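A.B. asks: Following this line is run.cif, made up of mmCIF, C-alpha atoms (C1' of nucleotides):
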```cif
data_model
#
loop_
_atom_site.label_atom_id
_atom_site.label_comp_id
_atom_site.auth_asym_id
_atom_site.auth_seq_id
_atom_site.Cartn_x
_atom_site.Cartn_y
_atom_site.Cartn_z
CA MET A 128 -38.13 17.02 18.55
CA GLU A 129 -38.22 13.78 16.77
CA ALA A 130 -39.61 15.62 13.82
CA THR A 131 -36.64 17.98 13.91
CA VAL A 132 -34.14 15.18 14.03
CA LEU A 133 -35.87 13.35 11.26
CA GLY A 134 -36.05 16.56 9.28
CA GLU A 135 -32.35 17.12 9.71
CA ARG A 136 -31.54 13.60 8.66
CA ALA A 137 -33.66 14.04 5.58
CA ALA A 138 -31.97 17.35 4.84
CA ILE A 139 -28.54 15.78 5.16
CA THR A 140 -29.55 12.91 2.97
CA SER A 141 -30.84 15.12 0.21
CA GLU A 142 -27.76 17.29 0.50
CA ILE A 143 -25.63 14.24 -0.09
CA THR A 144 -27.83 13.13 -2.93
CA ASP A 145 -27.21 16.50 -4.55
CA LEU A 146 -23.50 16.16 -3.98
CA LEU A 147 -23.43 12.76 -5.64
CA ARG A 148 -25.47 13.99 -8.60
CA LYS A 149 -23.20 16.98 -9.05
CA HIS A 150 -20.31 14.57 -9.42
CA GLY A 151 -22.16 12.47 -11.94
CA ILE A 152 -22.90 9.64 -9.53
CA THR A 153 -26.28 7.96 -9.39
CA SER A 154 -27.62 8.23 -5.87
CA THR A 155 -28.46 4.97 -4.16
CA LEU A 156 -29.15 4.03 -0.56
CA GLN A 157 -25.75 2.40 -0.14
CA ARG A 158 -23.82 5.25 -1.68
CA VAL A 159 -25.57 7.81 0.48
CA GLU A 160 -24.78 5.80 3.61
CA ILE A 161 -21.13 5.53 2.62
CA ALA A 162 -20.90 9.19 1.74
CA GLN A 163 -22.41 10.12 5.10
CA VAL A 164 -19.69 8.21 6.90
CA LEU A 165 -17.00 9.90 4.87
CA PHE A 166 -18.40 13.41 5.16
CA SER A 167 -19.55 13.38 8.76
CA LYS A 168 -16.13 12.48 10.02
CA LEU A 169 -13.84 14.65 7.95
CA GLN A 170 -10.91 12.40 8.68
CA HIS A 171 -9.12 9.53 7.09
CA VAL A 172 -11.10 6.28 7.26
CA SER A 173 -10.17 2.84 6.01
CA ALA A 174 -12.49 0.68 3.94
CA GLU A 175 -12.88 -1.59 6.94
CA GLN A 176 -13.91 1.34 9.13
CA VAL A 177 -16.46 2.48 6.58
CA LEU A 178 -17.87 -1.03 6.51
CA GLU A 179 -18.23 -1.09 10.29
CA LYS A 180 -19.78 2.35 10.58
CA VAL A 181 -22.26 1.82 7.79
CA ASN A 182 -23.39 -1.50 9.12
CA ARG A 183 -24.13 -0.49 12.68
CA GLY A 184 -26.73 -3.00 13.65
CA ARG A 185 -28.16 -4.48 10.53
CA GLY A 186 -26.00 -5.14 7.49
CA ILE A 187 -26.85 -2.62 4.82
CA VAL A 188 -23.83 -2.66 2.59
CA SER A 189 -21.57 -5.50 1.51
CA LYS A 190 -17.81 -5.39 1.47
CA ALA A 191 -17.69 -5.48 -2.32
CA THR A 192 -19.95 -2.45 -2.53
CA ILE A 193 -17.80 -0.56 -0.05
CA TYR A 194 -14.74 -1.08 -2.21
CA ASN A 195 -16.57 -0.44 -5.47
CA THR A 196 -18.08 2.74 -4.11
CA LEU A 197 -14.87 4.07 -2.62
CA ARG A 198 -13.16 3.52 -5.96
CA LEU A 199 -16.03 5.25 -7.74
CA PHE A 200 -15.90 8.22 -5.38
CA VAL A 201 -12.17 8.55 -5.97
CA GLU A 202 -12.59 8.44 -9.75
CA LYS A 203 -15.32 11.05 -9.60
CA GLY A 204 -13.24 13.35 -7.45
CA LEU A 205 -15.37 13.20 -4.32
CA ILE A 206 -12.75 11.73 -2.04
CA LYS A 207 -9.07 10.92 -2.23
CA GLU A 208 -6.86 8.07 -1.17
CA ILE A 209 -4.32 8.59 1.57
CA ILE A 210 -1.36 6.37 0.85
CA ALA A 211 0.77 6.22 3.95
CA ASP A 212 0.34 2.83 5.52
CA PRO A 213 1.70 0.13 3.23
CA THR A 214 -0.93 -2.33 4.40
CA LYS A 215 -4.10 -0.39 3.74
CA VAL A 216 -5.56 2.66 2.07
CA PHE A 217 -7.34 5.48 3.87
CA TYR A 218 -9.95 7.75 2.33
CA GLU A 219 -10.94 11.31 3.03
CA PRO A 220 -13.10 14.01 1.43
CA ILE A 221 -11.05 15.72 -1.22
CA SER A 222 -11.95 19.11 0.24
CA THR A 223 -9.89 18.56 3.38
CA ASP A 224 -6.53 20.07 2.64
CA HIS A 225 -4.59 18.88 5.63
CA HIS A 226 -1.66 16.52 5.74
CA HIS A 227 -0.64 13.67 8.03
CA PHE A 228 1.78 12.34 10.53
CA TYR A 229 2.28 8.64 10.04
CA ASP A 230 3.35 6.50 12.98
CA VAL A 231 5.60 3.98 11.26
CA ASP A 232 5.25 1.42 14.04
CA SER A 233 1.51 1.43 14.67
CA GLY A 234 0.32 2.53 11.24
CA GLU A 235 -1.73 5.30 12.83
CA LEU A 236 -2.41 8.52 10.96
CA ILE A 237 -2.61 11.86 12.78
CA ASP A 238 -3.88 15.00 11.09
CA ILE A 239 -1.70 18.01 10.48
CA ARG A 240 -3.68 21.21 10.16
CA SER A 241 -3.08 22.70 6.75
CA ASP A 242 -1.77 25.98 8.12
CA ALA A 243 0.96 24.17 10.03
CA ILE A 244 2.77 23.14 6.92
CA LYS A 245 3.59 24.80 3.69
CA VAL A 246 4.86 23.45 0.42
CA ASP A 247 6.53 26.00 -1.80
CA ALA A 248 7.45 25.74 -5.42
CA ILE A 249 5.34 22.81 -6.40
CA PRO A 250 7.13 21.67 -9.52
CA GLN A 251 5.48 21.51 -12.90
CA PRO A 252 4.37 18.01 -13.70
CA PRO A 253 6.03 16.23 -16.61
CA GLN A 254 4.81 17.03 -20.13
CA GLY A 255 1.29 15.87 -20.71
CA TYR A 256 0.45 15.52 -17.04
CA SER A 257 -1.74 17.58 -14.80
CA THR A 258 -1.43 17.81 -11.05
CA LEU A 259 -4.23 16.40 -8.96
CA GLY A 260 -2.86 17.28 -5.56
CA VAL A 261 0.04 17.23 -3.17
CA ASP A 262 0.28 14.89 -0.22
CA VAL A 263 2.72 15.38 2.58
CA VAL A 264 3.39 12.57 5.00
CA VAL A 265 5.62 13.21 8.00
CA ARG A 266 6.89 9.88 9.22
CA VAL A 267 7.17 9.79 13.00
CA ARG A 268 8.10 7.23 15.61
CA ALA A 269 7.21 7.09 19.28
CA MET A 270 10.30 7.60 21.41
CA ARG A 271 10.77 4.73 23.79
CA MET B 61 41.78 -3.82 -17.85
CA GLU B 62 40.01 -6.82 -16.59
CA ALA B 63 42.09 -6.50 -13.52
CA THR B 64 40.87 -2.94 -13.13
CA VAL B 65 37.24 -3.92 -13.50
CA LEU B 66 37.63 -6.77 -11.08
CA GLY B 67 39.46 -4.48 -8.73
CA GLU B 68 36.65 -1.99 -8.88
CA ARG B 69 34.04 -4.63 -8.24
CA ALA B 70 36.01 -5.82 -5.26
CA ALA B 71 36.37 -2.25 -4.04
CA ILE B 72 32.65 -1.66 -4.39
CA THR B 73 31.89 -4.88 -2.58
CA SER B 74 34.12 -4.06 0.34
CA GLU B 75 32.71 -0.56 0.43
CA ILE B 76 29.24 -2.00 0.76
CA THR B 77 30.42 -4.46 3.37
CA ASP B 78 31.71 -1.51 5.36
CA LEU B 79 28.44 0.32 4.91
CA LEU B 80 26.48 -2.65 6.21
CA ARG B 81 28.80 -3.10 9.18
CA LYS B 82 28.52 0.58 10.05
CA HIS B 83 24.79 0.11 10.27
CA GLY B 84 25.11 -2.95 12.48
CA ILE B 85 24.25 -5.41 9.75
CA THR B 86 26.15 -8.64 9.30
CA SER B 87 27.52 -8.75 5.78
CA THR B 88 26.47 -11.73 3.70
CA LEU B 89 26.62 -12.44 -0.01
CA GLN B 90 22.89 -11.90 -0.46
CA ARG B 91 22.80 -8.65 1.46
CA VAL B 92 25.71 -7.24 -0.50
CA GLU B 93 24.03 -8.12 -3.78
CA ILE B 94 20.79 -6.48 -2.68
CA ALA B 95 22.58 -3.39 -1.40
CA GLN B 96 24.42 -3.06 -4.71
CA VAL B 97 21.15 -2.98 -6.60
CA LEU B 98 19.76 -0.34 -4.27
CA PHE B 99 22.84 1.85 -4.26
CA SER B 100 23.86 1.62 -7.89
CA LYS B 101 20.52 2.87 -9.10
CA LEU B 102 19.70 5.70 -6.73
CA GLN B 103 16.04 5.48 -7.55
CA HIS B 104 12.95 3.85 -6.18
CA VAL B 105 12.87 0.10 -6.79
CA SER B 106 10.19 -2.39 -5.85
CA ALA B 107 10.92 -5.69 -4.12
CA GLU B 108 10.08 -7.45 -7.36
CA GLN B 109 12.58 -5.32 -9.28
CA VAL B 110 15.29 -6.04 -6.73
CA LEU B 111 14.56 -9.73 -7.08
CA GLU B 112 14.92 -9.55 -10.87
CA LYS B 113 18.09 -7.49 -10.87
CA VAL B 114 19.82 -9.58 -8.25
CA ASN B 115 19.00 -12.82 -9.97
CA ARG B 116 20.20 -11.97 -13.44
CA GLY B 117 21.08 -15.37 -14.78
CA ARG B 118 21.48 -17.67 -11.85
CA GLY B 119 19.25 -17.43 -8.83
CA ILE B 120 21.23 -16.07 -5.93
CA VAL B 121 18.59 -14.74 -3.61
CA SER B 122 15.13 -16.02 -2.76
CA LYS B 123 12.02 -13.91 -2.54
CA ALA B 124 11.81 -14.32 1.22
CA THR B 125 15.32 -13.04 1.65
CA ILE B 126 14.61 -10.03 -0.53
CA TYR B 127 11.72 -9.05 1.70
CA ASN B 128 13.54 -9.87 4.92
CA THR B 129 16.56 -7.89 3.83
CA LEU B 130 14.63 -4.87 2.63
CA ARG B 131 12.83 -4.75 5.96
CA LEU B 132 16.13 -5.09 7.79
CA PHE B 133 17.70 -2.29 5.77
CA VAL B 134 14.75 -0.03 6.55
CA GLU B 135 14.96 -0.79 10.28
CA LYS B 136 18.66 -0.09 10.30
CA GLY B 137 18.24 3.19 8.48
CA LEU B 138 20.00 2.26 5.26
CA ILE B 139 17.05 2.73 2.96
CA LYS B 140 13.51 4.01 3.22
CA GLU B 141 10.13 2.95 1.97
CA ILE B 142 8.31 5.04 -0.59
CA ILE B 143 4.61 4.69 0.03
CA ALA B 144 2.81 6.08 -2.98
CA ASP B 145 1.38 3.19 -4.92
CA PRO B 146 -1.30 1.43 -2.89
CA THR B 147 -0.38 -1.93 -4.40
CA LYS B 148 3.31 -2.09 -3.66
CA VAL B 149 6.15 -0.51 -1.75
CA PHE B 150 9.21 1.09 -3.32
CA TYR B 151 12.60 1.40 -1.68
CA GLU B 152 15.38 3.91 -2.05
CA PRO B 153 18.65 4.81 -0.28
CA ILE B 154 17.81 7.07 2.62
CA SER B 155 20.38 9.58 1.48
CA THR B 156 18.41 10.59 -1.58
CA ASP B 157 16.32 13.54 -0.52
CA HIS B 158 14.11 13.95 -3.52
CA HIS B 159 10.36 13.56 -3.78
CA HIS B 160 8.01 11.99 -6.31
CA PHE B 161 5.32 12.47 -8.83
CA TYR B 162 2.88 9.61 -8.70
CA ASP B 163 0.90 8.70 -11.81
CA VAL B 164 -2.40 7.65 -10.27
CA ASP B 165 -3.42 5.62 -13.31
CA SER B 166 -0.25 3.67 -14.08
CA GLY B 167 1.27 3.58 -10.60
CA GLU B 168 4.52 4.95 -11.99
CA LEU B 169 6.82 7.08 -9.84
CA ILE B 170 8.82 9.94 -11.29
CA ASP B 171 11.55 11.68 -9.34
CA ILE B 172 11.32 15.31 -8.32
CA ARG B 173 14.72 16.85 -7.76
CA SER B 174 14.96 18.04 -4.19
CA ASP B 175 15.66 21.64 -5.16
CA ALA B 176 12.44 21.81 -7.13
CA ILE B 177 10.27 21.59 -4.06
CA LYS B 178 10.41 23.03 -0.64
CA VAL B 179 8.50 22.24 2.50
CA ASP B 180 8.40 25.02 5.02
CA ALA B 181 7.31 24.92 8.59
CA ILE B 182 7.46 21.22 9.20
CA PRO B 183 5.23 20.91 12.22
CA GLN B 184 6.39 19.55 15.51
CA PRO B 185 5.43 15.93 15.92
CA PRO B 186 2.95 15.04 18.68
CA GLN B 187 4.29 14.71 22.22
CA GLY B 188 6.61 11.76 22.58
CA TYR B 189 7.25 11.40 18.88
CA SER B 190 10.30 12.16 16.81
CA THR B 191 10.27 12.89 13.11
CA LEU B 192 11.95 10.42 10.80
CA GLY B 193 11.36 12.24 7.54
CA VAL B 194 8.99 14.04 5.27
CA ASP B 195 7.62 12.56 2.08
CA VAL B 196 5.94 14.64 -0.57
CA VAL B 197 3.94 12.93 -3.26
CA VAL B 198 2.50 14.99 -6.08
CA ARG B 199 -0.35 13.06 -7.61
CA VAL B 200 -0.51 13.51 -11.36
CA ARG B 201 -2.62 12.15 -14.18
CA ALA B 202 -1.82 11.93 -17.86
CA MET B 203 -4.08 14.25 -19.82
CA ARG B 204 -6.05 12.35 -22.41
"C1'" DA C 249 -35.84 -5.19 -22.11
"C1'" DT C 250 -31.67 -3.14 -21.20
"C1'" DT C 251 -28.67 -0.98 -18.21
"C1'" DC C 252 -26.83 -0.20 -13.76
"C1'" DG C 253 -25.97 -1.39 -8.85
"C1'" DT C 254 -25.34 -4.85 -5.22
"C1'" DG C 255 -23.81 -9.09 -2.85
"C1'" DC C 256 -21.44 -13.34 -2.15
"C1'" DA C 257 -17.57 -16.00 -2.54
"C1'" DA C 258 -13.56 -16.99 -4.80
"C1'" DA C 259 -9.51 -15.22 -6.85
"C1'" DC C 260 -5.49 -12.06 -6.63
"C1'" DC C 261 -1.18 -10.30 -5.37
"C1'" DC C 262 2.14 -8.43 -2.44
"C1'" DT C 263 4.09 -9.53 1.77
"C1'" DT C 264 4.98 -12.29 5.90
"C1'" DT C 265 5.89 -16.47 8.44
"C1'" DG C 266 7.20 -21.42 10.06
"C1'" DC C 267 10.48 -24.45 9.89
"C1'" DA C 268 14.51 -27.00 8.18
"C1'" DA C 269 19.08 -26.53 6.04
"C1'" DA C 270 23.26 -23.75 5.30
"C1'" DG C 271 26.41 -20.14 6.77
"C1'" DA C 272 28.94 -16.86 9.92
"C1'" DG C 273 31.85 -15.98 13.95
"C1'" DC D 294 29.39 -25.12 18.51
"C1'" DT D 295 25.96 -21.57 18.80
"C1'" DC D 296 23.53 -17.99 16.76
"C1'" DT D 297 22.18 -16.00 12.55
"C1'" DT D 298 20.68 -16.09 7.83
"C1'" DT D 299 18.57 -18.24 3.90
"C1'" DG D 300 15.05 -20.74 1.18
"C1'" DC D 301 10.87 -23.01 0.19
"C1'" DA D 302 6.23 -23.25 0.44
"C1'" DA D 303 2.23 -22.06 2.68
"C1'" DA D 304 -0.39 -18.68 5.07
"C1'" DG D 305 -2.05 -13.93 5.61
"C1'" DG D 306 -4.77 -9.89 4.59
"C1'" DG D 307 -6.45 -6.05 2.04
"C1'" DT D 308 -8.53 -5.48 -2.41
"C1'" DT D 309 -10.57 -6.98 -6.81
"C1'" DT D 310 -13.40 -9.75 -9.75
"C1'" DG D 311 -17.01 -13.08 -11.86
"C1'" DC D 312 -21.41 -13.89 -11.92
"C1'" DA D 313 -26.20 -13.94 -10.55
"C1'" DC D 314 -29.87 -11.28 -8.55
"C1'" DG D 315 -32.42 -7.05 -7.95
"C1'" DA D 316 -33.60 -2.16 -9.01
"C1'" DA D 317 -34.53 1.54 -12.14
"C1'" DT D 318 -35.83 3.75 -16.57
#
```
Output the file's structure as structure tokens, nothing else.
C.D. replies:
Amino acid sequence: MEATVLGERAAITSEITDLLRKHGITSTLQRVEIAQVLFSKLQHVSAEQVLEKVNRGRGIVSKATIYNTLRLFVEKGLIKEIIADPTKVFYEPISTDHHHFYDVDSGELIDIRSDAIKVDAIPQPPQGYSTLGVDVVVRVRAMR
Amino acid sequence: MEATVLGERAAITSEITDLLRKHGITSTLQRVEIAQVLFSKLQHVSAEQVLEKVNRGRGIVSKATIYNTLRLFVEKGLIKEIIADPTKVFYEPISTDHHHFYDVDSGELIDIRSDAIKVDAIPQPPQGYSTLGVDVVVRVRAMR
DNA sequence: ATTCGTGCAAACCCTTTGCAAAGAG
DNA sequence: CTCTTTGCAAAGGGTTTGCACGAAT
């Protein structure tokens, strides 16, 4: 049993290592840990949340490395930024194609399944630009 | 001619005063100046840009008042925040129903005319929430 | 040996806040 | 006169950066 669990962990780790390499990212302990947090939970996470989750128990990764790595992952197309809360950035695997409700009072993000929303006629980007993606944020407020 | 120009300025000012009053906002010199900047240029403007435009020449409005007033205008439903650049917030009259391209490298926003994009099937907000609006941001990158 | 990654702390920058002075009704 | 609004400067908070140490080839 323990062997199985350990085997699975190892499998996941090497899977992530492959993923990083495929994106031209050198695999390190810290980067694998961060990637695991992002890819296990396929939801928006803030830098602070990544820091907490990675450092359960002993401190493995510093704050600077969290930020550096998140930026690197974004540049390399592994994850994307969710810009909805003016006070902080959320991150999410780029493969998740859902959108978000944004509670303007609490700053909370709530997923919208991708089939529940549809954007037609995405306009051509300006000359010399290419489109990276489309983000839809539905601003909501709790009714008192 | 000068009389006409002055007359127009006065007319615009009183129009804005009315607008503020209709939204339950006490009209003051500073608020009128800020509103004029926002409503003359019907495009996204940052707090910093409002500060510059209002204070052409002599300083009329302080930074704190810019921020306080922008927040007030948002609360009262006069303008809305554009959250697209992680480093700063843009503001825009709430009546403009267009969306934006966001240049991920430069942080620049470019308007998308509202008829060039269409969002179908806006999902129902979660229980107890009401929808304030829908923002679409098309992330673009200049091709090298 | 050189290059790359990590960590710590300080720096940054946009935004907010505390409090005193000025303005509105 | 009372309540609101403004301004200044300082604080706040998420993110970035400078620099030294450690790891890898």
A.B. asks: Output, as an mmCIF file with C-alpha atoms, keeping the file's coordinate frame, the coordinates of chain B following least-squares superposition onto chain A across all in-order C-alpha pairs.
C.D. replies:
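The resulting result-v4.cif:
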```
data_model
loop_
_atom_site.group_PDB
_atom_site.id
_atom_site.type_symbol
_atom_site.label_atom_id
_atom_site.label_comp_id
_atom_site.auth_asym_id
_atom_site.auth_seq_id
_atom_site.Cartn_x
_atom_site.Cartn_y
_atom_site.Cartn_z
ATOM 1 C CA MET B 61 -38.031 17.374 18.507
ATOM 2 C CA GLU B 62 -38.099 14.051 16.873
ATOM 3 C CA ALA B 63 -39.555 15.771 13.910
ATOM 4 C CA THR B 64 -36.599 18.132 13.896
ATOM 5 C CA VAL B 65 -34.082 15.319 14.065
ATOM 6 C CA LEU B 66 -35.843 13.410 11.348
ATOM 7 C CA GLY B 67 -36.059 16.563 9.317
ATOM 8 C CA GLU B 68 -32.360 17.116 9.681
ATOM 9 C CA ARG B 69 -31.553 13.574 8.683
ATOM 10 C CA ALA B 70 -33.730 13.963 5.636
ATOM 11 C CA ALA B 71 -32.066 17.273 4.837
ATOM 12 C CA ILE B 72 -28.630 15.726 5.162
ATOM 13 C CA THR B 73 -29.645 12.822 2.981
ATOM 14 C CA SER B 74 -30.964 15.024 0.227
ATOM 15 C CA GLU B 75 -27.893 17.200 0.500
ATOM 16 C CA ILE B 76 -25.729 14.165 -0.075
ATOM 17 C CA THR B 77 -27.938 13.027 -2.917
ATOM 18 C CA ASP B 78 -27.360 16.403 -4.528
ATOM 19 C CA LEU B 79 -23.640 16.124 -3.953
ATOM 20 C CA LEU B 80 -23.531 12.727 -5.628
ATOM 21 C CA ARG B 81 -25.606 13.922 -8.573
ATOM 22 C CA LYS B 82 -23.358 16.941 -9.027
ATOM 23 C CA HIS B 83 -20.459 14.565 -9.389
ATOM 24 C CA GLY B 84 -22.282 12.419 -11.923
ATOM 25 C CA ILE B 85 -22.991 9.604 -9.511
ATOM 26 C CA THR B 86 -26.345 7.878 -9.384
ATOM 27 C CA SER B 87 -27.701 8.142 -5.867
ATOM 28 C CA THR B 88 -28.502 4.861 -4.164
ATOM 29 C CA LEU B 89 -29.161 3.946 -0.556
ATOM 30 C CA GLN B 90 -25.747 2.341 -0.138
ATOM 31 C CA ARG B 91 -23.847 5.217 -1.679
ATOM 32 C CA VAL B 92 -25.621 7.749 0.498
ATOM 33 C CA GLU B 93 -24.813 5.754 3.615
ATOM 34 C CA ILE B 94 -21.157 5.500 2.630
ATOM 35 C CA ALA B 95 -20.953 9.185 1.752
ATOM 36 C CA GLN B 96 -22.461 10.092 5.122
ATOM 37 C CA VAL B 97 -19.740 8.194 6.929
ATOM 38 C CA LEU B 98 -17.056 9.905 4.880
ATOM 39 C CA PHE B 99 -18.474 13.394 5.193
ATOM 40 C CA SER B 100 -19.605 13.357 8.797
ATOM 41 C CA LYS B 101 -16.169 12.473 10.060
ATOM 42 C CA LEU B 102 -13.861 14.655 8.007
ATOM 43 C CA GLN B 103 -10.929 12.412 8.708
ATOM 44 C CA HIS B 104 -9.146 9.535 7.088
ATOM 45 C CA VAL B 105 -11.118 6.292 7.267
ATOM 46 C CA SER B 106 -10.159 2.870 5.986
ATOM 47 C CA ALA B 107 -12.476 0.692 3.912
ATOM 48 C CA GLU B 108 -12.846 -1.582 6.910
ATOM 49 C CA GLN B 109 -13.886 1.335 9.119
ATOM 50 C CA VAL B 110 -16.452 2.469 6.570
ATOM 51 C CA LEU B 111 -17.834 -1.046 6.482
ATOM 52 C CA GLU B 112 -18.195 -1.113 10.275
ATOM 53 C CA LYS B 113 -19.759 2.315 10.585
ATOM 54 C CA VAL B 114 -22.232 1.783 7.788
ATOM 55 C CA ASN B 115 -23.352 -1.553 9.110
ATOM 56 C CA ARG B 116 -24.048 -0.573 12.682
ATOM 57 C CA GLY B 117 -26.670 -3.087 13.649
ATOM 58 C CA ARG B 118 -28.123 -4.476 10.487
ATOM 59 C CA GLY B 119 -25.992 -5.148 7.461
ATOM 60 C CA ILE B 120 -26.812 -2.631 4.782
ATOM 61 C CA VAL B 121 -23.779 -2.689 2.565
ATOM 62 C CA SER B 122 -21.516 -5.529 1.492
ATOM 63 C CA LYS B 123 -17.754 -5.415 1.437
ATOM 64 C CA ALA B 124 -17.644 -5.463 -2.349
ATOM 65 C CA THR B 125 -19.896 -2.457 -2.546
ATOM 66 C CA ILE B 126 -17.770 -0.560 -0.057
ATOM 67 C CA TYR B 127 -14.718 -1.054 -2.231
ATOM 68 C CA ASN B 128 -16.560 -0.411 -5.478
ATOM 69 C CA THR B 129 -18.085 2.751 -4.098
ATOM 70 C CA LEU B 130 -14.886 4.106 -2.610
ATOM 71 C CA ARG B 131 -13.169 3.599 -5.948
ATOM 72 C CA LEU B 132 -16.058 5.289 -7.724
ATOM 73 C CA PHE B 133 -15.959 8.255 -5.363
ATOM 74 C CA VAL B 134 -12.227 8.641 -5.953
ATOM 75 C CA GLU B 135 -12.660 8.524 -9.739
ATOM 76 C CA LYS B 136 -15.401 11.102 -9.590
ATOM 77 C CA GLY B 137 -13.359 13.420 -7.421
ATOM 78 C CA LEU B 138 -15.473 13.241 -4.285
ATOM 79 C CA ILE B 139 -12.829 11.797 -2.019
ATOM 80 C CA LYS B 140 -9.148 10.990 -2.217
ATOM 81 C CA GLU B 141 -6.921 8.149 -1.178
ATOM 82 C CA ILE B 142 -4.369 8.639 1.558
ATOM 83 C CA ILE B 143 -1.415 6.422 0.813
ATOM 84 C CA ALA B 144 0.725 6.289 3.917
ATOM 85 C CA ASP B 145 0.299 2.894 5.482
ATOM 86 C CA PRO B 146 1.694 0.200 3.201
ATOM 87 C CA THR B 147 -0.948 -2.277 4.343
ATOM 88 C CA LYS B 148 -4.112 -0.344 3.679
ATOM 89 C CA VAL B 149 -5.578 2.712 2.029
ATOM 90 C CA PHE B 150 -7.361 5.526 3.844
ATOM 91 C CA TYR B 151 -9.983 7.787 2.332
ATOM 92 C CA GLU B 152 -10.992 11.341 3.051
ATOM 93 C CA PRO B 153 -13.192 14.045 1.474
ATOM 94 C CA ILE B 154 -11.152 15.796 -1.171
ATOM 95 C CA SER B 155 -12.015 19.154 0.308
ATOM 96 C CA THR B 156 -9.938 18.606 3.414
ATOM 97 C CA ASP B 157 -6.549 20.062 2.645
ATOM 98 C CA HIS B 158 -4.589 18.890 5.618
ATOM 99 C CA HIS B 159 -1.650 16.518 5.741
ATOM 100 C CA HIS B 160 -0.617 13.666 8.020
ATOM 101 C CA PHE B 161 1.805 12.346 10.512
ATOM 102 C CA TYR B 162 2.329 8.657 10.000
ATOM 103 C CA ASP B 163 3.382 6.494 12.938
ATOM 104 C CA VAL B 164 5.661 4.007 11.210
ATOM 105 C CA ASP B 165 5.306 1.432 13.974
ATOM 106 C CA SER B 166 1.556 1.424 14.595
ATOM 107 C CA GLY B 167 0.369 2.544 11.165
ATOM 108 C CA GLU B 168 -1.690 5.288 12.779
ATOM 109 C CA LEU B 169 -2.395 8.539 10.941
ATOM 110 C CA ILE B 170 -2.603 11.849 12.753
ATOM 111 C CA ASP B 171 -3.889 14.984 11.080
ATOM 112 C CA ILE B 172 -1.704 18.005 10.472
ATOM 113 C CA ARG B 173 -3.718 21.182 10.173
ATOM 114 C CA SER B 174 -3.136 22.693 6.767
ATOM 115 C CA ASP B 175 -1.831 25.974 8.156
ATOM 116 C CA ALA B 176 0.893 24.169 10.054
ATOM 117 C CA ILE B 177 2.728 23.150 6.927
ATOM 118 C CA LYS B 178 3.523 24.800 3.697
ATOM 119 C CA VAL B 179 4.836 23.453 0.442
ATOM 120 C CA ASP B 180 6.516 25.996 -1.748
ATOM 121 C CA ALA B 181 7.526 25.713 -5.332
ATOM 122 C CA ILE B 182 5.437 22.767 -6.353
ATOM 123 C CA PRO B 183 7.273 21.635 -9.442
ATOM 124 C CA GLN B 184 5.699 21.479 -12.836
ATOM 125 C CA PRO B 185 4.580 17.982 -13.677
ATOM 126 C CA PRO B 186 6.304 16.202 -16.579
ATOM 127 C CA GLN B 187 5.142 17.032 -20.100
ATOM 128 C CA GLY B 188 1.617 15.853 -20.736
ATOM 129 C CA TYR B 189 0.734 15.496 -17.086
ATOM 130 C CA SER B 190 -1.512 17.548 -14.870
ATOM 131 C CA THR B 191 -1.245 17.741 -11.113
ATOM 132 C CA LEU B 192 -4.082 16.330 -9.058
ATOM 133 C CA GLY B 193 -2.740 17.180 -5.628
ATOM 134 C CA VAL B 194 0.131 17.163 -3.226
ATOM 135 C CA ASP B 195 0.360 14.843 -0.259
ATOM 136 C CA VAL B 196 2.785 15.390 2.569
ATOM 137 C CA VAL B 197 3.442 12.592 4.998
ATOM 138 C CA VAL B 198 5.646 13.233 7.998
ATOM 139 C CA ARG B 199 6.948 9.920 9.230
ATOM 140 C CA VAL B 200 7.172 9.804 13.002
ATOM 141 C CA ARG B 201 8.104 7.226 15.598
ATOM 142 C CA ALA B 202 7.162 7.073 19.247
ATOM 143 C CA MET B 203 10.232 7.584 21.403
ATOM 144 C CA ARG B 204 10.766 4.654 23.712
#
```
A.B. asks: So the first atom is atom CA of B:Pro183 and the second is atom CA of A:Asp224; what is the distance between them in Å, to one decimal place?
C.D. replies: 15.2 Å
A.B. asks: Name every residue that the PyMOL selection byres ((chain D and resi 305) around 8) selects in this structure, writing the answer as a PDB file with C-alpha atoms (C1' of nucleotides), in the coordinates of the input with chains first and numbers rising.
C.D. replies:
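Below is the file that was written, out17.pdb:
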```pdb
ATOM      1  C1'  DT C 264       4.980 -12.290   5.900  1.00  0.00           C
TER       2       DT C 264
ATOM      3  C1'  DA D 304      -0.390 -18.680   5.070  1.00  0.00           C
ATOM      4  C1'  DG D 306      -4.770  -9.890   4.590  1.00  0.00           C
TER       5       DG D 306
END
```
A.B. asks: Identify, on the basis of only C-alpha atoms (C1' of nucleotides), every residue whose closest approach to stretch 295-300 of chain D does not exceed 12 Å; exclude the query and any residue fewer than 5 positions from it along the same chain; express the result as number ranges by chain.
C.D. replies: B: 85-91, 119-129, 132; C: 266-273
A.B. asks: For chain C, which residue among A:Phe166, A:Pro213, A:His227, A:Val159 is the nearest when counting all atoms listed in the file?
C.D. replies: A:Pro213
A.B. asks: Set the cut-off to 8 Å and count only C-alpha atoms: what are the residues of chain B that reach chain A? Output as a PyMOL selection string.
C.D. replies: chain B and resi 143-146+148-149+161+172+176-183+185+188-203
A.B. asks: Report as a ChimeraX atom specification all protein, DNA and RNA residues lying within 9 Å of B:Val134, evaluated on all atoms listed in the file, omitting residues in the same chain fewer than 6 positions from it.
C.D. replies: /B:140-141,151,154
A.B. asks: What lies within 10 Å of C:DA259 using all atoms listed in the file, ignoring chain neighbours under 5 positions off, as an MDAnalysis selection string?
C.D. replies: chainID D and resid 309:311
A.B. asks: Could you jot down the atom CA of A:Lys149 to atom CA of A:Ser241 separation for me, Å, one decimal place?
C.D. replies: 26.2 Å
